[in-house]
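J.: Following this line is run.txt, made up of compact mmCIF, C-alpha atoms and all ligand atoms:
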```
# COMPACT_ATOMS: atom_id res chain seq x y z
CA MET A 1 -5.75 3.37 -37.09
CA SER A 2 -8.94 5.44 -36.75
CA LEU A 3 -9.21 8.21 -34.17
CA GLN A 4 -11.92 6.21 -32.42
CA THR A 5 -9.74 3.09 -32.10
CA GLU A 6 -6.78 5.10 -30.82
CA LEU A 7 -8.99 6.75 -28.18
CA GLN A 8 -10.34 3.35 -27.12
CA ASN A 9 -6.79 2.00 -26.88
CA PHE A 10 -5.98 4.80 -24.41
CA GLY A 11 -8.81 3.58 -22.16
CA CYS A 12 -11.61 5.90 -23.30
CA THR A 13 -15.22 4.92 -23.98
CA VAL A 14 -16.19 6.48 -27.30
CA LEU A 15 -19.80 7.09 -28.37
CA CYS A 16 -20.34 8.13 -32.01
CA ASP A 17 -23.02 10.53 -33.30
CA GLU A 18 -24.31 10.76 -29.76
CA PRO A 19 -27.35 12.94 -28.91
CA MET A 20 -26.23 15.47 -26.30
CA SER A 21 -29.77 15.44 -24.87
CA ARG A 22 -28.62 12.19 -23.20
CA HIS A 23 -25.75 13.96 -21.45
CA THR A 24 -27.32 17.19 -20.20
CA SER A 25 -29.77 17.76 -17.35
CA PHE A 26 -31.81 20.03 -19.70
CA ARG A 27 -32.29 16.96 -21.97
CA ILE A 28 -31.56 19.23 -24.95
CA GLY A 29 -28.87 19.16 -27.66
CA GLY A 30 -28.00 17.92 -31.13
CA LYS A 31 -25.56 15.10 -31.85
CA ALA A 32 -21.84 15.28 -31.14
CA LYS A 33 -19.51 13.47 -33.51
CA TYR A 34 -17.92 11.78 -30.49
CA VAL A 35 -18.58 11.70 -26.78
CA ILE A 36 -15.36 10.56 -25.12
CA ILE A 37 -15.41 9.29 -21.54
CA PRO A 38 -11.79 8.80 -20.35
CA GLY A 39 -11.41 5.94 -17.88
CA ASN A 40 -8.71 7.74 -15.92
CA GLU A 41 -6.45 10.79 -15.96
CA ALA A 42 -3.78 9.19 -18.20
CA ALA A 43 -6.47 8.32 -20.76
CA LEU A 44 -7.75 11.91 -20.63
CA LEU A 45 -4.30 13.42 -21.17
CA SER A 46 -3.58 11.05 -24.08
CA ALA A 47 -6.98 11.78 -25.66
CA ILE A 48 -6.43 15.55 -25.50
CA ARG A 49 -2.93 15.21 -26.98
CA LEU A 50 -4.31 13.12 -29.85
CA LEU A 51 -7.20 15.48 -30.57
CA LYS A 52 -4.80 18.44 -30.60
CA GLU A 53 -2.35 16.65 -32.93
CA ASN A 54 -5.26 16.02 -35.32
CA SER A 55 -6.64 19.59 -34.91
CA PHE A 56 -9.91 17.92 -33.90
CA PRO A 57 -12.20 20.36 -32.02
CA TYR A 58 -13.28 19.35 -28.54
CA LEU A 59 -14.94 20.72 -25.46
CA ILE A 60 -15.20 19.65 -21.84
CA LEU A 61 -18.33 18.51 -20.08
CA GLY A 62 -18.60 17.61 -16.41
CA ASN A 63 -22.04 16.19 -15.60
CA GLY A 64 -23.88 18.49 -18.03
CA SER A 65 -26.00 20.14 -15.32
CA ASN A 66 -25.19 23.78 -16.08
CA VAL A 67 -25.18 23.78 -19.87
CA LEU A 68 -27.49 24.46 -22.76
CA PHE A 69 -26.21 22.43 -25.69
CA ALA A 70 -27.06 23.77 -29.18
CA ASP A 71 -29.67 22.06 -31.38
CA GLU A 72 -27.23 21.83 -34.29
CA ASP A 73 -24.96 18.79 -34.55
CA TYR A 74 -21.40 19.37 -33.28
CA GLU A 75 -18.65 18.07 -35.59
CA GLY A 76 -16.25 17.75 -32.68
CA ALA A 77 -15.66 15.71 -29.56
CA VAL A 78 -17.27 16.22 -26.17
CA ILE A 79 -14.98 14.95 -23.44
CA GLN A 80 -17.23 13.98 -20.55
CA LEU A 81 -15.45 13.71 -17.22
CA ALA A 82 -18.37 12.55 -15.06
CA ASP A 83 -18.28 8.74 -14.73
CA GLY A 84 -14.66 8.80 -15.97
CA LEU A 85 -12.26 10.51 -13.56
CA THR A 86 -13.51 9.01 -10.30
CA GLU A 87 -10.53 8.91 -7.91
CA LEU A 88 -11.62 9.77 -4.38
CA ARG A 89 -9.42 9.27 -1.32
CA LEU A 90 -8.77 10.49 2.19
CA GLU A 91 -5.21 11.87 2.34
CA ASP A 92 -5.07 12.73 6.03
CA GLU A 93 -7.72 13.14 8.68
CA ASN A 94 -8.95 16.47 7.22
CA THR A 95 -8.03 16.29 3.55
CA ILE A 96 -9.85 14.62 0.67
CA TYR A 97 -8.45 14.38 -2.85
CA CYS A 98 -11.22 14.16 -5.39
CA ALA A 99 -10.95 13.83 -9.17
CA ALA A 100 -12.97 16.11 -11.43
CA GLY A 101 -15.45 13.47 -12.61
CA VAL A 102 -16.78 12.54 -9.16
CA ILE A 103 -20.38 13.65 -8.65
CA LEU A 104 -20.74 16.11 -5.77
CA ALA A 105 -23.24 13.91 -3.91
CA LYS A 106 -20.64 11.12 -3.84
CA LEU A 107 -17.95 13.46 -2.50
CA CYS A 108 -20.36 14.77 0.15
CA THR A 109 -21.32 11.24 1.22
CA PHE A 110 -17.61 10.37 1.46
CA ALA A 111 -17.07 13.44 3.67
CA LEU A 112 -20.03 12.37 5.83
CA ASP A 113 -18.68 8.81 6.14
CA ASN A 114 -15.43 10.31 7.44
CA SER A 115 -17.23 12.75 9.81
CA LEU A 116 -15.95 15.75 7.87
CA THR A 117 -18.02 18.92 7.80
CA GLY A 118 -18.04 21.81 5.28
CA LEU A 119 -19.59 20.29 2.18
CA GLU A 120 -23.18 19.86 3.38
CA PHE A 121 -24.38 22.74 1.16
CA ALA A 122 -23.17 20.94 -1.99
CA HIS A 123 -24.94 17.62 -1.54
CA GLY A 124 -27.94 18.51 -3.74
CA ILE A 125 -26.02 20.25 -6.54
CA PRO A 126 -26.16 17.75 -9.42
CA GLY A 127 -22.75 18.58 -10.90
CA SER A 128 -19.31 17.02 -10.98
CA VAL A 129 -16.48 18.24 -8.78
CA GLY A 130 -14.70 19.65 -11.85
CA GLY A 131 -17.77 21.60 -12.95
CA ALA A 132 -18.36 22.87 -9.41
CA VAL A 133 -14.75 24.03 -9.02
CA PHE A 134 -14.75 25.55 -12.53
CA MET A 135 -17.57 27.97 -11.66
CA ASN A 136 -17.38 28.02 -7.85
CA ALA A 137 -20.75 26.39 -7.30
CA GLY A 138 -22.62 27.39 -4.19
CA ALA A 139 -25.89 27.11 -2.31
CA TYR A 140 -27.46 27.97 1.05
CA GLY A 141 -24.62 30.26 2.09
CA GLY A 142 -21.80 27.88 1.14
CA GLU A 143 -19.43 27.95 -1.82
CA ILE A 144 -16.93 25.40 -3.12
CA LYS A 145 -14.11 27.89 -2.53
CA ASP A 146 -14.73 27.70 1.25
CA CYS A 147 -13.36 24.17 1.47
CA ILE A 148 -10.81 23.96 -1.33
CA HIS A 149 -7.15 23.76 -0.42
CA SER A 150 -5.73 23.46 -3.95
CA VAL A 151 -6.71 22.48 -7.48
CA ARG A 152 -4.87 20.30 -9.99
CA HIS A 153 -5.40 21.57 -13.51
CA LEU A 154 -4.21 21.16 -17.08
CA THR A 155 -2.96 24.16 -19.04
CA PRO A 156 -3.60 24.53 -22.79
CA ASP A 157 0.12 23.66 -23.26
CA GLY A 158 -0.45 20.27 -21.65
CA GLU A 159 1.24 21.10 -18.33
CA VAL A 160 -0.32 19.73 -15.12
CA LEU A 161 -0.18 22.27 -12.28
CA GLU A 162 -1.40 22.34 -8.70
CA THR A 163 -2.42 25.81 -7.54
CA PRO A 164 -3.48 26.90 -4.03
CA ALA A 165 -7.07 28.11 -3.76
CA SER A 166 -5.86 31.58 -2.70
CA GLU A 167 -4.42 32.11 -6.20
CA LEU A 168 -7.49 31.01 -8.16
CA HIS A 169 -9.56 34.22 -7.92
CA PHE A 170 -12.70 32.56 -6.61
CA THR A 171 -15.66 34.97 -6.60
CA TYR A 172 -19.39 34.49 -7.14
CA ARG A 173 -19.77 31.83 -9.90
CA HIS A 174 -16.31 32.71 -11.20
CA THR A 175 -12.72 31.43 -10.97
CA SER A 176 -9.47 31.75 -12.93
CA PHE A 177 -10.67 28.73 -14.93
CA THR A 178 -13.73 30.53 -16.31
CA GLU A 179 -11.21 33.04 -17.75
CA ASN A 180 -8.28 30.87 -18.87
CA GLY A 181 -10.12 27.68 -19.91
CA HIS A 182 -7.76 25.37 -17.99
CA LEU A 183 -9.17 21.91 -17.39
CA VAL A 184 -9.79 21.01 -13.75
CA LEU A 185 -8.35 17.54 -13.06
CA GLY A 186 -9.11 17.33 -9.36
CA ALA A 187 -9.08 19.20 -6.08
CA ARG A 188 -7.88 18.84 -2.52
CA PHE A 189 -10.64 19.65 -0.02
CA ARG A 190 -9.65 20.72 3.50
CA LEU A 191 -12.53 20.06 5.89
CA LYS A 192 -13.14 20.09 9.63
CA LYS A 193 -13.96 17.17 11.89
CA GLY A 194 -17.66 17.26 12.76
CA ASP A 195 -20.50 15.30 14.22
CA LYS A 196 -21.78 12.67 11.79
CA THR A 197 -25.40 12.94 12.88
CA ALA A 198 -25.38 16.73 12.58
CA ILE A 199 -23.76 16.55 9.12
CA ARG A 200 -26.34 14.02 7.92
CA GLU A 201 -29.23 16.05 9.33
CA ARG A 202 -28.03 19.25 7.62
CA MET A 203 -27.68 17.42 4.28
CA ASN A 204 -31.18 15.96 4.58
CA GLU A 205 -32.61 19.34 5.58
CA LEU A 206 -31.10 21.04 2.51
CA ILE A 207 -32.23 18.25 0.14
CA GLN A 208 -35.75 18.65 1.54
CA LYS A 209 -35.57 22.43 0.97
CA ARG A 210 -34.63 21.82 -2.67
CA LYS A 211 -37.50 19.39 -3.15
CA THR A 212 -40.05 21.87 -1.85
CA SER A 213 -38.69 24.96 -3.63
CA GLN A 214 -37.24 23.70 -6.94
CA PRO A 215 -38.94 22.06 -9.97
CA LEU A 216 -36.81 18.92 -9.74
CA GLU A 217 -39.47 16.94 -11.60
CA TYR A 218 -38.58 18.77 -14.86
CA PRO A 219 -35.33 18.82 -16.83
CA SER A 220 -33.45 22.09 -16.33
CA ALA A 221 -29.98 23.46 -15.73
CA GLY A 222 -30.80 24.92 -12.31
CA SER A 223 -30.82 28.70 -11.91
CA THR A 224 -30.87 30.16 -15.39
CA PHE A 225 -29.45 33.55 -14.41
CA LYS A 226 -26.81 34.70 -11.96
CA ARG A 227 -27.76 36.72 -8.90
CA PRO A 228 -27.79 40.35 -10.11
CA ALA A 229 -26.22 43.27 -8.20
CA VAL A 230 -29.69 44.18 -6.88
CA GLY A 231 -32.11 41.56 -5.51
CA TYR A 232 -32.56 38.02 -6.80
CA ALA A 233 -33.15 36.87 -10.38
CA ALA A 234 -36.18 34.76 -9.37
CA ALA A 235 -37.82 37.68 -7.55
CA HIS A 236 -37.35 40.04 -10.52
CA ILE A 237 -38.75 37.44 -12.94
CA ASP A 238 -41.71 36.69 -10.65
CA GLU A 239 -42.51 40.38 -10.07
CA CYS A 240 -42.50 40.96 -13.84
CA GLY A 241 -45.31 38.37 -14.11
CA LEU A 242 -43.21 35.88 -16.06
CA LYS A 243 -43.91 32.74 -14.01
CA GLY A 244 -45.42 30.11 -16.31
CA CYS A 245 -44.46 32.05 -19.45
CA THR A 246 -43.47 29.69 -22.33
CA VAL A 247 -41.70 29.67 -25.68
CA GLY A 248 -42.22 26.35 -27.49
CA GLY A 249 -41.38 23.59 -25.01
CA ALA A 250 -39.44 25.87 -22.64
CA GLY A 251 -41.14 27.56 -19.72
CA VAL A 252 -40.48 29.63 -16.62
CA SER A 253 -41.19 27.29 -13.70
CA THR A 254 -44.31 28.19 -11.72
CA LYS A 255 -42.61 26.69 -8.63
CA HIS A 256 -39.36 28.72 -8.87
CA ALA A 257 -39.17 31.63 -11.33
CA GLY A 258 -35.37 31.38 -11.43
CA PHE A 259 -35.60 28.08 -13.33
CA VAL A 260 -36.29 27.74 -17.05
CA ILE A 261 -37.57 24.19 -17.48
CA ASN A 262 -38.01 21.78 -20.37
CA HIS A 263 -41.66 20.69 -20.62
CA GLY A 264 -40.56 17.69 -22.68
CA ASN A 265 -39.88 18.84 -26.21
CA ALA A 266 -37.95 22.10 -25.72
CA THR A 267 -35.16 23.00 -28.12
CA ALA A 268 -32.12 25.12 -27.31
CA ALA A 269 -33.66 27.77 -29.58
CA ASP A 270 -36.81 27.78 -27.39
CA VAL A 271 -34.74 28.22 -24.21
CA LYS A 272 -32.62 31.00 -25.74
CA ALA A 273 -35.72 32.85 -27.00
CA LEU A 274 -37.35 32.58 -23.56
CA MET A 275 -34.18 33.77 -21.83
CA LYS A 276 -34.03 36.79 -24.18
CA GLN A 277 -37.68 37.59 -23.42
CA ILE A 278 -36.99 37.39 -19.67
CA GLN A 279 -33.89 39.59 -19.93
CA GLU A 280 -35.70 42.23 -21.98
CA THR A 281 -38.73 42.33 -19.69
CA VAL A 282 -36.70 42.54 -16.47
CA LEU A 283 -34.47 45.24 -17.97
CA GLN A 284 -37.47 47.23 -19.11
CA GLN A 285 -39.51 46.92 -15.90
CA HIS A 286 -36.77 46.79 -13.21
CA ASP A 287 -33.74 48.27 -14.95
CA VAL A 288 -31.76 45.10 -14.05
CA LEU A 289 -29.70 43.18 -16.60
CA LEU A 290 -29.81 39.43 -15.89
CA GLU A 291 -26.64 37.59 -16.86
CA PRO A 292 -26.98 33.90 -17.82
CA GLU A 293 -25.53 31.40 -15.35
CA VAL A 294 -26.17 28.56 -17.80
CA VAL A 295 -23.24 27.99 -20.17
CA MET A 296 -24.08 27.81 -23.88
CA LEU A 297 -22.17 25.05 -25.71
CA PRO A 298 -20.49 24.62 -28.11
C1 LIG B 301 -31.77 20.98 -10.42
C2 LIG B 301 -30.48 21.74 -10.41
C3 LIG B 301 -30.08 22.42 -9.28
C4 LIG B 301 -28.89 23.14 -9.26
N1 LIG B 301 -28.52 23.80 -8.12
C5 LIG B 301 -27.37 24.49 -8.10
C6 LIG B 301 -26.95 25.18 -6.91
O1 LIG B 301 -27.61 25.14 -5.89
N2 LIG B 301 -25.78 25.87 -6.96
C7 LIG B 301 -25.01 25.92 -8.08
O2 LIG B 301 -23.96 26.56 -8.04
N3 LIG B 301 -25.37 25.29 -9.21
C8 LIG B 301 -26.52 24.57 -9.25
N4 LIG B 301 -26.89 23.92 -10.39
C9 LIG B 301 -26.06 24.02 -11.60
C10 LIG B 301 -24.96 22.96 -11.74
O3 LIG B 301 -25.30 21.76 -11.10
C11 LIG B 301 -23.64 23.50 -11.19
O4 LIG B 301 -23.26 24.67 -11.89
C12 LIG B 301 -22.51 22.47 -11.32
O5 LIG B 301 -21.37 22.98 -10.68
C13 LIG B 301 -22.15 22.18 -12.78
O6 LIG B 301 -21.30 21.05 -12.80
P1 LIG B 301 -21.27 20.06 -14.05
O7 LIG B 301 -20.23 19.05 -13.78
O8 LIG B 301 -22.62 19.57 -14.36
O9 LIG B 301 -20.76 21.07 -15.18
P2 LIG B 301 -21.23 21.08 -16.70
O10 LIG B 301 -22.63 21.55 -16.77
O11 LIG B 301 -20.90 19.80 -17.35
O12 LIG B 301 -20.27 22.21 -17.28
C14 LIG B 301 -20.45 23.57 -16.92
C15 LIG B 301 -19.22 24.36 -17.42
O13 LIG B 301 -18.08 23.91 -16.71
C16 LIG B 301 -17.09 23.44 -17.61
N5 LIG B 301 -16.45 22.29 -16.98
C17 LIG B 301 -17.04 21.20 -16.45
N6 LIG B 301 -16.13 20.39 -15.90
C18 LIG B 301 -14.93 20.99 -16.09
C19 LIG B 301 -13.60 20.66 -15.74
N7 LIG B 301 -13.30 19.53 -15.09
N8 LIG B 301 -12.61 21.52 -16.10
C20 LIG B 301 -12.88 22.66 -16.76
N9 LIG B 301 -14.12 23.03 -17.11
C21 LIG B 301 -15.13 22.20 -16.77
C22 LIG B 301 -17.83 23.07 -18.90
O14 LIG B 301 -16.98 23.16 -20.02
C23 LIG B 301 -18.92 24.13 -18.90
O15 LIG B 301 -18.41 25.34 -19.43
C24 LIG B 301 -28.07 23.18 -10.43
C25 LIG B 301 -28.48 22.48 -11.57
C26 LIG B 301 -29.66 21.76 -11.57
C27 LIG B 301 -30.05 21.01 -12.82
```
Could you write out this file's structure as structure tokens?
Ligand SMILES: Cc1cc2nc3c(=O)[nH]c(=O)nc-3n(C[C@H](O)[C@H](O)[C@H](O)COP(=O)(O)OP(=O)(O)OC[C@H]3O[C@@H](n4cnc5c(N)ncnc54)[C@H](O)[C@@H]3O)c2cc1C

T.:
Amino acid sequence: MSLQTELQNFGCTVLCDEPMSRHTSFRIGGKAKYVIIPGNEAALLSAIRLLKENSFPYLILGNGSNVLFADEDYEGAVIQLADGLTELRLEDENTIYCAAGVILAKLCTFALDNSLTGLEFAHGIPGSVGGAVFMNAGAYGGEIKDCIHSVRHLTPDGEVLETPASELHFTYRHTSFTENGHLVLGARFRLKKGDKTAIRERMNELIQKRKTSQPLEYPSAGSTFKRPAVGYAAAHIDECGLKGCTVGGAGVSTKHAGFVINHGNATAADVKALMKQIQETVLQQHDVLLEPEVVMLP
């Protein structure tokens, strides 16, 4: 039986020779041999076991909103969790269990429907819950770590563990998972009871802020660089006169200097070259080293 058939028998959707530009918010990337979308957690665990048994390389993608996928074709499998692992349930009046593949906006709407406050900041972040937990996503003064009670994750040995948030070393855009490569399966969110109207208004207010300040009309991966020790990446880039600067189809947004955008035909090579130019200029003029927030895959 072929690998593809076995994966399908487990309950995975399998796309062959699939352009990764279709699976990333940057709309950039060469073809992957397979894109595997597991229909549930059991299908995911079986797929990983099979790929390991066959020494078939693979990597994990959430919703592809914080990655720059290489231009070269990838002779491995991309396991995409968004649209696959979608379990979402209220466990008690303050606790939500949410699987890794649920899109943050859906989790936030679920919290709103249950009058639970704490996740308003996350509503406009276009990632999956797994991706957000993996790198401790945050915005407007909130971070995922603030409302996580525990995380279920898969070790490289195939063991499923549940670890309390206090043991996961959450810091700015960093967790244990960014170090150990464990796969986030899902998380328990502990939230507070709140006023539905106030929650909805705060979500709408923050979405509006994004629309006015971010170049949402262009493909991108959000903030290209992490916040440096001194100041803000966008301010450094702007003050160095780099707004509007381009390499091939990639450009520094004129609306928000922290975003590298795809003008339509950008390659990963264009984005990397532009990022290098930005880093060198900011280092030279401001003595600040900008560290990429965007993850380069594979
Ligand atoms: C317009 C725009 C605005 C944005 N605004 C914000 C913002 O305000 N704040 C912010 O923090 N980010 C922001 N981002 C970036 C991005 O949405 C977040 O980083 C998000 O958390 C990434 O989630 P994802 O599912 O898309 O992860 P992906 O991009 O798919 O993956 C990112 C990394 O996480 C790993 N990963 C994904 N899922 C899992 C998992 N289940 N287990 C283990 N590893 C996993 C991948 O292997 C990869 O290394 C923005 C992006 C865009 C395009």

J.: Report the distance between CA of Ser176 in chain A and CA of Leu90 in chain A in Å, rounded to one decimal place.

T.: 26.1 Å

J.: Find the residues around range 81-85 of chain A up to 7 Å (only C-alpha atoms counted), leave out those fewer than 5 positions away in its own chain, and share them as a list in words.

T.: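 Surrounding residues, per the criterion: Ile37, Pro38, Gly39, Asn40, Glu41, Leu61, Gly62, Asn63, Ala99, Ala100, Gly101, Val102, Ile103 and Ser128 of chain A.
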
J.: Would you give me, as a Markdown table, each residue of chain A having an atom within 6 Å of an atom of ligand LIG 301 (chain B), along with its shortest atom pair and that distance in Å to one decimal, using only C-alpha atoms and all ligand atoms and sorting by chain and residue number?

T.:
```
| residue | atom | partner | partner_atom | distance |
| --- | --- | --- | --- | --- |
| A:Ser25 | CA | B:LIG301 | C27 | 5.6 |
| A:Ile60 | CA | B:LIG301 | O14 | 4.3 |
| A:Leu61 | CA | B:LIG301 | O11 | 4.0 |
| A:Gly62 | CA | B:LIG301 | O11 | 3.3 |
| A:Asn63 | CA | B:LIG301 | O8 | 3.6 |
| A:Gly64 | CA | B:LIG301 | O11 | 3.3 |
| A:Ser65 | CA | B:LIG301 | O8 | 3.6 |
| A:Asn66 | CA | B:LIG301 | O10 | 3.5 |
| A:Val67 | CA | B:LIG301 | O10 | 4.6 |
| A:Ala100 | CA | B:LIG301 | N7 | 5.0 |
| A:Ile125 | CA | B:LIG301 | N1 | 4.6 |
| A:Pro126 | CA | B:LIG301 | O3 | 4.4 |
| A:Gly127 | CA | B:LIG301 | O6 | 3.4 |
| A:Ser128 | CA | B:LIG301 | O7 | 3.6 |
| A:Gly130 | CA | B:LIG301 | N7 | 3.5 |
| A:Gly131 | CA | B:LIG301 | O6 | 3.6 |
| A:Ala132 | CA | B:LIG301 | O5 | 3.3 |
| A:Phe134 | CA | B:LIG301 | N9 | 5.3 |
| A:Ala137 | CA | B:LIG301 | O2 | 3.3 |
| A:Gly138 | CA | B:LIG301 | O2 | 4.2 |
| A:Ala139 | CA | B:LIG301 | O1 | 4.4 |
| A:His182 | CA | B:LIG301 | C20 | 5.9 |
| A:Leu183 | CA | B:LIG301 | N8 | 3.7 |
| A:Val184 | CA | B:LIG301 | N8 | 3.7 |
| A:Leu185 | CA | B:LIG301 | N7 | 5.7 |
| A:Leu216 | CA | B:LIG301 | C1 | 5.5 |
| A:Ser220 | CA | B:LIG301 | C27 | 5.0 |
| A:Ala221 | CA | B:LIG301 | C27 | 3.8 |
| A:Gly222 | CA | B:LIG301 | C26 | 3.4 |
| A:Val295 | CA | B:LIG301 | O15 | 5.6 |
```

J.: Write out as a list in words the residues lying within 6 Å of Ile261 in chain A, counting only C-alpha atoms and excluding same-chain residues fewer than 6 positions away.

T.: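 Listed by chain and then number, they are Pro219, Ser220, Ala250 and Gly251 of chain A.
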
J.: Quick one: 8 Å padding each side, axis-aligned, all listed atoms of range 7-21 of chain A - centre and edge lengths in Å to one decimal, as AutoDock Vina command-line options?

T.:
```
--center_x -17.9 --center_y 8.7 --center_z -27.7 --size_x 39.8 --size_y 29.5 --size_z 27.1
```

J.: When you draw a straight line from CA of Ile48 in chain A to CA of Phe26 in chain A, how long is it in Å?

T.: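 If I compute the distance from CA of Ile48 in chain A to CA of Phe26 in chain A, I get 26.4 Å.
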